[in-house]
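Trainee: Please find one structure pasted underneath; my questions will follow.
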Amino acid sequence: MSDLNIVKSKMNYGAVWILAKRELIGFWRSKSRVISSLAQGLLFLFIFGAGFSSLDITIDGVPIDSRAFTASGIAAIVILFTGVFGGMGLMRDKMFGFMKELIVAPVSRNTLMLGRTLGIALQTLMQVMIMIILSIIVGYFGYNLSLIWRVILILPVALLASIGIVGMGLTISTRLRDFQSFGLIQTFIIMPMFWISGALFAFNSVPSFMQIAMLFNPFTYSVDLFRLVLLGVSYIPFWVDLIVMVGFGTLLILIGARSFNKMEVT
Amino acid sequence: MSEKVIDVRNLTKIYEDGDVLAVDNISFDIKKGEIFALLGPNGAGKTTTINVLATLLNGTGGEASVNHYDVSKDPDKVRKSIGIVFQEPALDTEMKGGENLELHAILYGMPKKERQAKIKEVLKLVDLEDKADIYVKNYSGGMKRRLEIARGLIHEPAVLFLDEPTLGLDPQTRRKIWDKIRELNEGDLKITILITTHYMEEADFLADRICIMDHGKIIALDTSENLKKQLSGDVVDIHFEKIENQIVLPQIINQIREIPGIKNVSFGDAKEQLDMMPMEMNLPKNMPHIDPAMIQARIRDIMSNPKKLIDAWKKFPMASQMFLNAPLEAKKRIANMFEDTLLEEIPVEIKNEIIKIKKGEYKEGDQDFEPKLSISCENGGKELPLIIQKINESNLKIKNVSMHQPTLEDVFLHYVGSAIREESSDRVKGIKNLIQMRQLRK
């Protein structure tokens, strides 16, 4: 028998909702977080969008507007950043004691985990939408009625993509003990996943060792599916994207739930 | 009124990693409407006991029930039966006071209507009804504590757990919290309260019954009145001037003990006994997360046994570092624990240091050692002159003497002090040990 006494009651959806709401409210109230996440996205969007605008990109022989290419990649990358950092909110709760209040409540840890995951996923979704709408307004995607259903279709894709990333953020923060290790996570997990995801450069324009590295990065598939939905073209068949995303999401959420269930709060 | 809200039978808790016995076969019960205090030094097992009762930890042996639900079989129902205020604040400071309560009520499954009424009610109870819309980060320490107490009461628990509720609060605020706790217990609500504390006056002021714990065991359990009665007679406190040769001290203690009518002699005052363990230790960053209570229990255990200490030094570089960086006083206490035959087993670095200390190469630290004795006796008026006479025969100089009726502090000292002494068969060695431990823990 382990040291921890874990409640194994069924899911409490009222609790799931209030915890998700807490994440959203918390994000909205912390204006510095809202502003910095928007500003970061905008910087990426305009600097990379403008910087890469002269490149010629073709996928399957179809020429692609490089700004649209970059904008769709950046929209996907927002998930990576907000998802992992959102998961780090758990770290804050752990350090400032609030986690105890949650842990001692008569709800299962899976309930706590689901509420938080949902909250961060929704928050990520909002930011992705803001990024896409901004790109549309400045004309990166051109003006086209098909954008309406493309934007609607991106919602479930973004949600699916964020599940795995949030799971990753939660797993990391249940195991970290202080904010100092944060830089490590940034340098060794987020940045590599960002640079070799194909968000900024085309899959067929890089050397083959890089292509292999990209195929090993689970986030490459999310970026690819984003492109398929937003631009109508992609490098990888959509069903491969879907399988990898579902697999990665399920795996990371399970790992996250497992380490959350084992987490000691004292 | 005799219904048992909490019933603990032979509860034992051994932490898995480290094999530390944190709670050792304890039994007690708490009756409805009672304020029950767990009193003891840090690392005595109080918080572990609370954590088992709050279903955060599994017990290793024995049984415990809260509101008639078994803590290991029915943790869900137990959790609904308790309200808990932790040692450190556990509020979401980025939310408003009212929102913290709302979240709590939803987690505990209360329907909306009931929720709103109850939140108003508990806020009023702790005089925060006009502060519900203020962010918790703008609350004062006392307000936070009151909000936590209110939160603990929302779901109408059968018992409220308060773990060191006034730790780190200023005296005025502490007094206010005490009054509030009493009010909750005495008013219409008659809330049953389990409180852990290491403030003696807190236990004395609040509790109907007090349970003194040390080394994971219950060493006394009774009302404050009865505990004090057990120590009939007087208590004489003697404060010495600084002394050069500490070997005199155990001798004089033995002489005092032999005076007829003397019941117990212990070192220092109870406050020091309680504060002897550091609250927060600076552990290296890469240590796995372990319950601090467990670490404290472990250190207490190691410090009392030279063999274990040597083992620790050999295994953990951190332990030897701790020794080398310790204040001179502490080093001396440790050095005196080792007989010459044991020296060979000690790692070289530490051995050299200990030999240096034993040879008396360091001197400056002695100035700070001004020992205090607390002597309980049957009739102070009669025995005090004899005690003074004994002391005057030695070279010790008295700085100050006072005599008073036993307080809860003396009761505590009586139990905790003697409990430590009994561990050693040889009396003088035991007293030496006691000095050592007291100094170590400073």
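Just remember, in the structure tokens the first chain shown is A, the second B, etc., residues are 1-based per chain, and ligands are 1-based in the order shown.
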Check range 19-161 of chain B with DSSP on the backbone and list each residue it calls strand (DSSP E or B), as a PyMOL selection string.
Mentor: chain B and resi 20-31+35-39+57+61-66+69-70+82-85+96+135+159-161
Trainee: Between chain B and chain A, at 7 Å or less, what are the per-residue closest atom pairs and their distances in Å? Count only C-alpha atoms, order by chain and rising residue number, and return it as a Markdown table.
Mentor:
```
| residue | atom | partner | partner_atom | distance |
| --- | --- | --- | --- | --- |
| B:Tyr15 | CA | A:Asp3 | CA | 6.8 |
| B:Glu16 | CA | A:Asp3 | CA | 6.7 |
| B:Thr55 | CA | A:Asn5 | CA | 5.7 |
| B:Leu56 | CA | A:Asn5 | CA | 5.2 |
| B:Leu57 | CA | A:Leu4 | CA | 4.5 |
| B:Asn58 | CA | A:Asn5 | CA | 5.0 |
| B:Pro75 | CA | A:Val7 | CA | 6.0 |
| B:Asp76 | CA | A:Pro106 | CA | 5.1 |
| B:Arg79 | CA | A:Pro106 | CA | 5.4 |
| B:Lys80 | CA | A:Pro106 | CA | 6.2 |
| B:Glu88 | CA | A:Gly97 | CA | 6.8 |
| B:Pro89 | CA | A:Gly97 | CA | 6.2 |
| B:Ala90 | CA | A:Phe98 | CA | 4.2 |
| B:Leu91 | CA | A:Phe98 | CA | 5.1 |
| B:Asp92 | CA | A:Phe98 | CA | 5.7 |
| B:Glu94 | CA | A:Gly26 | CA | 7.0 |
| B:Leu103 | CA | A:Ile18 | CA | 6.6 |
| B:Ile106 | CA | A:Ala15 | CA | 6.0 |
| B:Leu107 | CA | A:Ala15 | CA | 5.1 |
| B:Tyr108 | CA | A:Pro106 | CA | 6.2 |
| B:Asp291 | CA | A:Thr266 | CA | 5.9 |
```
Trainee: Which is closest to Val244 in chain A among A:Leu160, A:Leu170, A:Gln186, A:Val138, if we use only C-alpha atoms?
Mentor: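 With only C-alpha atoms as the atom set, the closest residue is A:Leu160.
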Trainee: Restricting the calculation to only C-alpha atoms: of B:Asp19, B:Asp234, B:Glu393, B:Glu183, which residue gets closest to Ile262 in chain B?
Mentor: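 Checking each of B:Asp19, B:Asp234, B:Glu393, B:Glu183 against Ile262 in chain B, counting only C-alpha atoms, the winner is B:Asp234.
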Trainee: For Gly142 in chain A, list every protein, DNA or RNA residue within 10 Å, evaluated using only C-alpha atoms, and leave out those in the same chain fewer than 5 positions away; present the list as a list in words.
Mentor: Asp65, Arg67, Ala68, Ser135, Ile136, Ile137 and Leu147 of chain A
Trainee: Please write the residues from the selection above to a file, keeping N, CA and C atoms, as an mmCIF file, in the first residue's frame.
Mentor:
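What ended up in out-v9.cif:
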```cif
data_model
loop_
_atom_site.group_PDB
_atom_site.id
_atom_site.type_symbol
_atom_site.label_atom_id
_atom_site.label_comp_id
_atom_site.auth_asym_id
_atom_site.auth_seq_id
_atom_site.Cartn_x
_atom_site.Cartn_y
_atom_site.Cartn_z
ATOM 1 N N ASP A 65 1.235 30.835 -50.687
ATOM 2 C CA ASP A 65 1.614 32.161 -50.201
ATOM 3 C C ASP A 65 2.409 31.980 -48.912
ATOM 4 N N ARG A 67 3.226 33.937 -46.556
ATOM 5 C CA ARG A 67 2.675 34.528 -45.333
ATOM 6 C C ARG A 67 1.570 33.651 -44.760
ATOM 7 N N ALA A 68 0.760 33.084 -45.610
ATOM 8 C CA ALA A 68 -0.282 32.158 -45.151
ATOM 9 C C ALA A 68 0.364 30.922 -44.541
ATOM 10 N N SER A 135 -4.638 37.148 -38.290
ATOM 11 C CA SER A 135 -3.989 36.873 -39.581
ATOM 12 C C SER A 135 -4.963 37.116 -40.730
ATOM 13 N N ILE A 136 -6.213 36.740 -40.501
ATOM 14 C CA ILE A 136 -7.211 36.936 -41.559
ATOM 15 C C ILE A 136 -7.422 38.429 -41.801
ATOM 16 N N ILE A 137 -7.510 39.181 -40.683
ATOM 17 C CA ILE A 137 -7.772 40.618 -40.817
ATOM 18 C C ILE A 137 -6.664 41.306 -41.610
ATOM 19 N N LEU A 147 -12.890 30.494 -45.892
ATOM 20 C CA LEU A 147 -12.218 30.659 -44.597
ATOM 21 C C LEU A 147 -13.175 30.390 -43.437
#
```
Trainee: For Leu42 in chain A, please output as a VMD selection string all residues within 8 Å (counting only C-alpha atoms; exclusion window: fewer than 4 positions along the same chain).
Mentor: chain A and resid 38 46 131
Trainee: When DSSP works through the backbone of this structure, what residues of range 23-250 of chain A end up as alpha helix (DSSP H), shown as a PyMOL selection string?
Mentor: chain A and resi 23-29+31-43+49-51+66-87+89-95+98-103+109-137+147-175+182-185+191-195+208-216+218-231+238-250
Trainee: Work out how far apart CA of Ile190 in chain A and CA of Pro218 in chain A are and give it in Å to one decimal.
Mentor: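 Calculated distance between CA of Ile190 in chain A and CA of Pro218 in chain A is 12.0 Å.
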Trainee: Between CA of Ala312 in chain B and CA of Ile355 in chain B, what is the distance in Å, rounded to a tenth?
Mentor: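 Answer for the CA of Ala312 in chain B to CA of Ile355 in chain B separation: 19.0 Å.
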Trainee: Find the spatial neighbours of Lys217 in chain B, counting only C-alpha atoms, within a cut-off of 12 Å - ignore same-chain residues fewer than 2 positions away - and output them as a PyMOL selection string.
Mentor: chain B and resi 10-13+21-28+38-41+43-46+48-49+211-215+219-221+297+415-416+419
Trainee: Mind checking which residues fall within 9 Å of Ala20 in chain A, counting only C-alpha atoms, ignoring those fewer than 5 positions away in the same chain, and posting them as a VMD selection string?
Mentor: chain A and resid 15 25 114 to 122
Trainee: For a test of reading the model, state the distance in Å between CA of Ser173 in chain A and CA of Ile253 in chain A, rounded to one decimal.
Mentor: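 Calculated distance between CA of Ser173 in chain A and CA of Ile253 in chain A is 13.2 Å.
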Trainee: With only C-alpha atoms as the basis for distance, which of B:Ala117, B:Val236, B:Ile398, B:Val66 is at the shortest distance from Ile154 in chain B?
Mentor: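 For Ile154 in chain B, the nearest of the candidates is B:Ala117.
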